[in-house]
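Engineer: Here you go, upload-v8.csv (CSV, C-alpha atoms and all ligand atoms):
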chain,number,residue,atom,x,y,z
C,18,MET,CA,0.0,0.0,0.0
C,19,ALA,CA,1.4,3.4,-1.0
C,20,PHE,CA,1.8,6.1,1.6
C,21,ARG,CA,-0.6,8.8,0.5
C,22,LEU,CA,0.6,12.3,1.0
C,23,ALA,CA,-1.5,15.4,0.2
C,24,GLN,CA,0.6,18.4,-0.6
C,25,ILE,CA,-1.5,21.5,-0.1
C,26,SER,CA,-0.1,25.0,-0.5
C,27,ASP,CA,-0.7,28.8,-0.4
C,28,THR,CA,-3.9,28.7,1.6
C,29,HIS,CA,-3.4,32.4,2.7
C,30,LEU,CA,-5.8,32.1,5.7
C,31,SER,CA,-7.1,35.1,7.6
C,32,ALA,CA,-10.4,36.0,9.2
C,33,ARG,CA,-10.2,39.1,7.0
C,34,VAL,CA,-10.7,37.1,3.7
C,35,PRO,CA,-13.6,34.7,4.1
C,36,ALA,CA,-13.3,33.8,0.4
C,37,PHE,CA,-10.0,32.0,1.0
C,38,SER,CA,-11.3,30.4,4.2
C,39,ALA,CA,-14.2,29.1,2.2
C,40,ASN,CA,-11.8,27.4,-0.3
C,41,PHE,CA,-9.9,25.9,2.6
C,42,ASP,CA,-13.0,24.6,4.2
C,43,HIS,CA,-13.9,22.9,0.9
C,44,LEU,CA,-10.5,21.4,0.6
C,45,ALA,CA,-10.6,20.3,4.2
C,46,GLU,CA,-13.9,18.6,3.8
C,47,HIS,CA,-12.4,16.7,0.8
C,48,LEU,CA,-9.3,15.7,2.7
C,49,ARG,CA,-11.3,14.6,5.8
C,50,GLY,CA,-13.2,12.2,3.5
C,51,LEU,CA,-10.1,11.0,1.8
C,52,ARG,CA,-8.0,10.6,4.9
C,53,PRO,CA,-4.5,10.7,3.4
C,54,ASP,CA,-1.6,9.5,5.6
C,55,LEU,CA,-0.1,13.0,5.9
C,56,VAL,CA,-0.8,16.5,4.8
C,57,ILE,CA,2.1,18.9,4.0
C,58,ASN,CA,1.4,22.6,3.4
C,59,THR,CA,4.3,24.1,1.4
C,60,GLY,CA,3.9,27.6,2.8
C,61,ASP,CA,1.9,30.8,2.9
C,62,LEU,CA,-0.5,29.1,5.3
C,63,SER,CA,-1.5,32.5,6.4
C,64,LEU,CA,-2.5,35.7,4.7
C,65,ASP,CA,-0.1,37.9,6.7
C,66,GLY,CA,1.4,35.8,9.5
C,67,ALA,CA,4.6,37.7,8.8
C,68,ASP,CA,3.0,40.6,10.8
C,69,GLN,CA,-0.2,39.3,12.3
C,70,ASP,CA,-0.3,36.8,15.1
C,71,GLU,CA,-4.0,36.2,14.5
C,72,ASP,CA,-3.5,35.0,10.9
C,73,LEU,CA,-1.0,32.3,12.0
C,74,ALA,CA,-3.3,31.3,14.9
C,75,LEU,CA,-6.2,30.9,12.5
C,76,ALA,CA,-4.0,28.9,10.1
C,77,ARG,CA,-2.9,26.6,13.0
C,78,SER,CA,-6.5,25.9,14.1
C,79,ALA,CA,-7.7,25.4,10.5
C,80,HIS,CA,-5.0,22.8,10.0
C,81,ASP,CA,-5.6,21.1,13.3
C,82,GLY,CA,-9.2,21.0,12.3
C,83,LEU,CA,-8.3,18.6,9.5
C,84,GLY,CA,-8.1,15.9,12.1
C,85,LEU,CA,-5.1,14.5,10.1
C,86,ASP,CA,-1.3,14.4,10.6
C,87,TRP,CA,0.1,17.5,9.1
C,88,LEU,CA,3.4,19.3,8.6
C,89,ALA,CA,4.3,22.7,7.1
C,90,VAL,CA,7.1,24.8,6.0
C,91,PRO,CA,6.8,28.6,6.1
C,92,GLY,CA,6.2,30.9,3.1
C,93,ASN,CA,7.0,34.6,2.6
C,94,HIS,CA,3.6,35.6,4.0
C,95,ASP,CA,4.2,33.5,7.1
C,96,VAL,CA,7.8,34.6,8.1
C,97,GLY,CA,8.8,37.2,5.6
C,98,ASP,CA,11.0,37.1,2.5
C,99,ASP,CA,14.5,37.4,1.1
C,100,PRO,CA,16.1,40.6,2.2
C,101,LEU,CA,16.3,42.0,-1.4
C,102,PRO,CA,16.2,45.8,-1.9
C,103,GLY,CA,12.6,47.0,-1.4
C,104,CYS,CA,11.5,44.0,0.5
C,105,ARG,CA,8.7,45.2,2.8
C,106,GLN,CA,8.7,42.2,5.2
C,107,PRO,CA,12.2,40.6,5.4
C,108,ALA,CA,12.5,37.3,7.2
C,109,ASN,CA,13.9,38.0,10.6
C,110,ALA,CA,14.2,36.6,14.1
C,111,GLU,CA,11.0,38.1,15.3
C,112,ARG,CA,8.9,36.7,12.4
C,113,LEU,CA,10.6,33.3,12.8
C,114,ALA,CA,9.8,33.3,16.5
C,115,ARG,CA,6.1,34.1,15.7
C,116,TRP,CA,5.9,31.1,13.3
C,117,ARG,CA,7.5,28.9,15.9
C,118,ARG,CA,5.1,30.1,18.6
C,119,HIS,CA,2.0,29.4,16.5
C,120,ILE,CA,3.0,26.6,14.1
C,121,GLY,CA,6.2,24.9,15.4
C,122,GLN,CA,9.5,24.1,13.7
C,123,ASN,CA,10.3,25.8,10.4
C,124,MET,CA,11.9,22.6,9.0
C,125,PHE,CA,11.1,18.9,9.4
C,126,VAL,CA,12.5,15.4,8.8
C,127,GLN,CA,9.9,12.7,8.7
C,128,ASP,CA,10.5,9.1,7.8
C,129,VAL,CA,7.7,7.0,6.2
C,130,PRO,CA,8.1,3.5,4.7
C,131,GLY,CA,11.0,3.6,2.2
C,132,TRP,CA,11.2,7.4,2.3
C,133,ARG,CA,12.7,10.4,4.1
C,134,LEU,CA,10.7,13.6,3.8
C,135,ILE,CA,12.7,16.8,4.4
C,136,GLY,CA,11.0,20.1,4.8
C,137,LEU,CA,13.1,23.3,4.4
C,138,ASP,CA,12.4,26.9,5.2
C,139,SER,CA,13.2,28.6,1.9
C,140,GLN,CA,12.5,32.0,3.4
C,141,ILE,CA,15.6,32.2,5.6
C,142,THR,CA,18.1,30.8,3.1
C,143,ALA,CA,19.2,34.3,1.9
C,144,THR,CA,19.4,35.8,5.3
C,145,THR,CA,22.3,36.1,7.8
C,146,LEU,CA,20.2,34.6,10.6
C,147,PRO,CA,22.0,31.8,12.6
C,148,ASP,CA,18.9,29.7,11.8
C,149,ALA,CA,20.0,29.7,8.1
C,150,GLU,CA,23.3,28.0,8.9
C,151,ALA,CA,21.7,25.7,11.5
C,152,GLN,CA,19.2,24.6,8.8
C,153,MET,CA,22.1,23.8,6.3
C,154,GLU,CA,23.7,21.7,9.1
C,155,ALA,CA,20.4,20.0,9.8
C,156,LEU,CA,20.1,19.2,6.1
C,157,VAL,CA,23.5,17.6,6.0
C,158,ARG,CA,22.6,15.4,9.0
C,159,ALA,CA,19.2,14.6,7.4
C,160,LEU,CA,20.9,13.5,4.2
C,161,GLU,CA,23.6,11.5,6.0
C,162,GLY,CA,21.0,9.7,8.0
C,163,ALA,CA,18.7,8.8,5.1
C,164,ALA,CA,20.4,5.4,4.8
C,165,GLY,CA,19.1,4.3,1.4
C,166,ARG,CA,15.7,5.8,1.7
C,167,ALA,CA,14.2,7.7,-1.3
C,168,LEU,CA,14.2,11.4,-0.6
C,169,ALA,CA,11.5,14.1,-1.1
C,170,ILE,CA,12.2,17.7,-0.4
C,171,PHE,CA,9.5,20.2,0.5
C,172,LEU,CA,9.9,24.0,0.5
C,173,HIS,CA,7.9,27.1,-0.3
C,174,LYS,CA,9.8,28.6,-3.2
C,175,PRO,CA,10.9,26.6,-6.2
C,176,LEU,CA,14.7,26.2,-6.5
C,177,CYS,CA,14.6,27.8,-9.9
C,178,GLN,CA,12.2,28.9,-12.5
C,179,GLU,CA,13.7,27.4,-15.6
C,180,ARG,CA,17.4,26.6,-15.0
C,181,MET,CA,19.5,26.0,-11.9
C,182,ASP,CA,22.2,28.4,-13.2
C,183,GLU,CA,19.9,31.4,-13.7
C,184,MET,CA,21.4,34.3,-11.8
C,185,GLU,CA,18.7,36.9,-11.7
C,186,SER,CA,17.3,37.6,-8.2
C,187,THR,CA,13.6,37.1,-8.4
C,188,TYR,CA,10.7,37.1,-6.1
C,189,TRP,CA,9.6,33.7,-7.4
C,190,CYS,CA,12.6,31.4,-6.6
C,191,VAL,CA,15.3,30.6,-4.1
C,192,GLN,CA,18.2,33.0,-4.6
C,193,SER,CA,21.2,31.8,-6.6
C,194,THR,CA,23.8,31.4,-3.8
C,195,PRO,CA,21.6,29.4,-1.4
C,196,ARG,CA,20.2,27.4,-4.3
C,197,HIS,CA,23.7,26.2,-5.2
C,198,ARG,CA,24.5,25.4,-1.6
C,199,ILE,CA,21.4,23.3,-1.3
C,200,LEU,CA,21.9,21.6,-4.7
C,201,ASP,CA,25.5,20.7,-3.8
C,202,LEU,CA,24.2,18.9,-0.8
C,203,LEU,CA,21.2,17.3,-2.5
C,204,MET,CA,22.5,16.2,-5.8
C,205,PRO,CA,24.9,13.4,-4.6
C,206,GLN,CA,21.8,11.7,-3.2
C,207,ARG,CA,19.5,12.8,-6.0
C,208,PRO,CA,16.1,13.4,-4.4
C,209,ALA,CA,13.2,11.7,-6.1
C,210,PHE,CA,11.5,15.1,-6.3
C,211,VAL,CA,11.5,18.6,-4.9
C,212,ALA,CA,8.0,19.9,-4.2
C,213,SER,CA,7.2,23.6,-3.8
C,214,GLY,CA,4.5,26.2,-3.7
C,215,HIS,CA,4.6,30.0,-3.9
C,216,VAL,CA,4.1,30.5,-7.7
C,217,HIS,CA,0.4,29.7,-7.4
C,218,GLN,CA,0.7,27.6,-10.6
C,219,TRP,CA,0.8,23.8,-11.1
C,220,ARG,CA,3.8,22.5,-13.0
C,221,ASP,CA,5.4,19.1,-13.3
C,222,ARG,CA,7.7,18.7,-16.3
C,223,GLY,CA,9.2,15.4,-15.2
C,224,VAL,CA,12.9,15.4,-14.6
C,225,SER,CA,14.5,18.7,-15.8
C,226,GLU,CA,17.8,20.2,-14.7
C,227,GLY,CA,18.5,16.8,-13.1
C,228,LEU,CA,15.6,16.9,-10.7
C,229,ARG,CA,11.9,16.3,-10.7
C,230,GLN,CA,10.5,19.6,-9.6
C,231,ILE,CA,6.8,19.6,-8.7
C,232,TRP,CA,5.0,22.9,-8.2
C,233,ALA,CA,1.8,22.7,-6.2
C,234,PRO,CA,-1.0,25.1,-7.1
C,235,SER,CA,-2.6,27.4,-4.4
C,236,ALA,CA,-5.8,26.3,-2.8
C,237,ALA,CA,-6.8,30.0,-2.4
C,238,PHE,CA,-6.2,32.1,-5.5
C,239,ILE,CA,-4.3,32.5,-8.7
C,240,VAL,CA,-2.5,35.6,-10.0
C,241,GLY,CA,-4.2,36.5,-13.3
C,242,ASP,CA,-2.3,36.8,-16.6
C,243,ALA,CA,-2.4,40.6,-16.4
C,244,TYR,CA,-0.2,40.4,-13.3
C,245,GLN,CA,1.9,37.3,-13.6
C,246,GLU,CA,3.4,35.4,-16.5
C,247,ALA,CA,1.9,31.9,-17.0
C,248,VAL,CA,4.9,29.5,-16.6
C,249,GLY,CA,2.7,26.6,-15.5
C,250,GLU,CA,-1.1,26.1,-15.2
C,251,LYS,CA,-3.2,28.5,-13.2
C,252,GLN,CA,-5.6,26.3,-11.4
C,253,LEU,CA,-6.5,25.7,-7.8
C,254,GLY,CA,-6.2,22.3,-6.1
C,255,TYR,CA,-3.5,20.2,-4.4
C,256,VAL,CA,-1.0,17.5,-5.3
C,257,GLU,CA,-1.4,13.9,-4.3
C,258,HIS,CA,1.8,12.0,-3.9
C,259,ALA,CA,1.6,8.2,-3.7
C,260,LEU,CA,4.9,7.0,-2.2
C,261,HIS,CA,5.8,3.3,-2.6
C,262,ALA,CA,8.1,1.7,-0.1
C,263,ASP,CA,10.5,0.7,-3.0
C,264,GLY,CA,11.1,4.4,-3.8
C,265,SER,CA,8.8,4.6,-6.8
C,266,PHE,CA,6.0,7.2,-6.7
C,267,GLU,CA,3.2,8.9,-8.6
C,268,SER,CA,2.3,12.6,-8.2
C,269,ARG,CA,-0.7,14.2,-9.7
C,270,LEU,CA,-2.7,17.4,-9.6
C,271,VAL,CA,-6.1,17.1,-7.9
C,272,THR,CA,-8.6,19.8,-8.8
C,273,LEU,CA,-11.8,20.3,-6.9
C,274,PRO,CA,-14.7,21.8,-8.8
C,275,GLY,CA,-15.9,23.5,-5.6
C,276,LEU,CA,-12.8,25.7,-5.2
C,277,VAL,CA,-13.6,29.2,-6.4
C,278,LEU,CA,-10.9,30.6,-8.8
C,279,HIS,CA,-10.1,34.0,-7.2
C,280,ASP,CA,-7.7,36.3,-9.0
C,281,ILE,CA,-5.7,38.3,-6.5
C,282,GLY,CA,-5.3,41.0,-9.2
C,283,GLU,CA,-9.0,41.6,-9.0
C,284,MET,CA,-8.9,41.8,-5.1
C,285,PRO,CA,-6.9,44.9,-4.4
C,286,GLU,CA,-8.4,45.0,-0.9
C,287,VAL,CA,-6.3,41.9,0.1
C,288,TYR,CA,-2.7,42.7,-0.7
C,289,GLY,CA,-3.2,46.1,-2.4
C,290,PRO,CA,-3.1,46.7,-6.2
C,291,GLN,CA,-1.0,44.2,-8.0
C,292,ARG,CA,1.5,45.5,-10.5
C,293,ARG,CA,0.3,44.9,-14.1
C,294,LEU,CA,2.8,43.2,-16.5
C,295,ALA,CA,4.0,45.4,-19.3
C,296,ALA,CA,1.8,44.9,-22.3
C,301,FE,FE,1.3,32.3,-1.9
C,302,FE,FE,4.7,32.8,-1.4
Could the structure of this file be written out as structure tokens, please?
Ligand SMILES: [Fe+2]
Ligand SMILES: [Fe+2]

Structural biologist:
Amino acid sequence: MAFRLAQISDTHLSARVPAFSANFDHLAEHLRGLRPDLVINTGDLSLDGADQDEDLALARSAHDGLGLDWLAVPGNHDVGDDPLPGCRQPANAERLARWRRHIGQNMFVQDVPGWRLIGLDSQITATTLPDAEAQMEALVRALEGAAGRALAIFLHKPLCQERMDEMESTYWCVQSTPRHRILDLLMPQRPAFVASGHVHQWRDRGVSEGLRQIWAPSAAFIVGDAYQEAVGEKQLGYVEHALHADGSFESRLVTLPGLVLHDIGEMPEVYGPQRRLAA
């Protein structure tokens, strides 16, 4: 029997946006019926946990309400973002402490039959926080201890958009320097897949750049084409991973007709007006 893992992402929960909570409730009802062995949220659990305790508290109670085992890694809206010029909410010790207070650890190592699942906090990787170095050391130990298990990595931001050697600093991916540090550790043991969120688009191109990179869609909203380039598919849903004890696996997008496809570009009251792409 395969281990059934439901990867949900970008739920953006807050009492201030009932529309996103309604989508979560719909997803939660589906998952409670399905009873997967584990739920992993790949970040942006909350609308603005980076600054609002109550959003993280709500996200915690919503996930506990699943009545299922669940794990999570933080997203930029949970703990802040890469400290690039103009970043309004840089990841810092205060934000990380808030996450830990409400949700728990910002990384995880979980063994299931034949597999080691490793969750990483992509949001601190470009910071000088001691937690960033501690995480790299924990990753080394997690890989050393994997002892022949298949590996799956979970983090909020994808490692890259198209190529691992892209150098541009972008909002959408792990920055180049930490990306290469992580890859140098991962590649000798070649994870079966790297699963991320953040882009609010579904994408699975099979193995490219030497790794299977699976992007989960959001369960809350998309960013419309006027505001974000389509590099994957703009749908809502989640990813079902069936992990077999021999290290083989199947991953697929699950869409739920009851999820309402909100476009954040048409909801300026949530995160402010989104910048339109140049025509
Ligand atoms: Fe998000
Ligand atoms: Fe995000």

Engineer: Could you give me, as JSON, numbers by chain, the residues within 7 Å of range 170-187 of chain C, counting only C-alpha atoms and dropping anything in the same chain fewer than 2 positions from it?

Structural biologist: {"C": [59, 60, 90, 91, 92, 134, 135, 136, 137, 138, 139, 168, 189, 190, 191, 192, 193, 196, 210, 211, 212, 213, 214, 215, 226]}

Engineer: Give the residues close to ligand FE 301 (chain C), within 12 Å, counting only C-alpha atoms and all ligand atoms; write them as number ranges by chain.

Structural biologist: C: 25-30, 37, 58-66, 91-95, 97-98, 173-175, 188-189, 213-218, 232-240, 253, 281, 288

Engineer: Nearest to ligand FE 302 (chain C) among C:Gly264, C:Ser78, C:Leu156, C:Ala67, with distances taken over all atoms listed in the file: which residue is it?

Structural biologist: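 For ligand FE 302 (chain C), the nearest of the given residues is C:Ala67.
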
Engineer: Choose the residue, out of C:His43, C:Arg52, C:Arg133, C:Arg166, that has the smallest atom-to-atom separation from Leu85 in chain C; count all atoms listed in the file.

Structural biologist: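 Of C:His43, C:Arg52, C:Arg133, C:Arg166, the one nearest Leu85 in chain C, counting all atoms listed in the file, is C:Arg52.
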
Engineer: Between CA of Pro107 in chain C and atom FE of ligand FE 302 (chain C), what is the distance in Å, rounded to a tenth?

Structural biologist: 12.8 Å
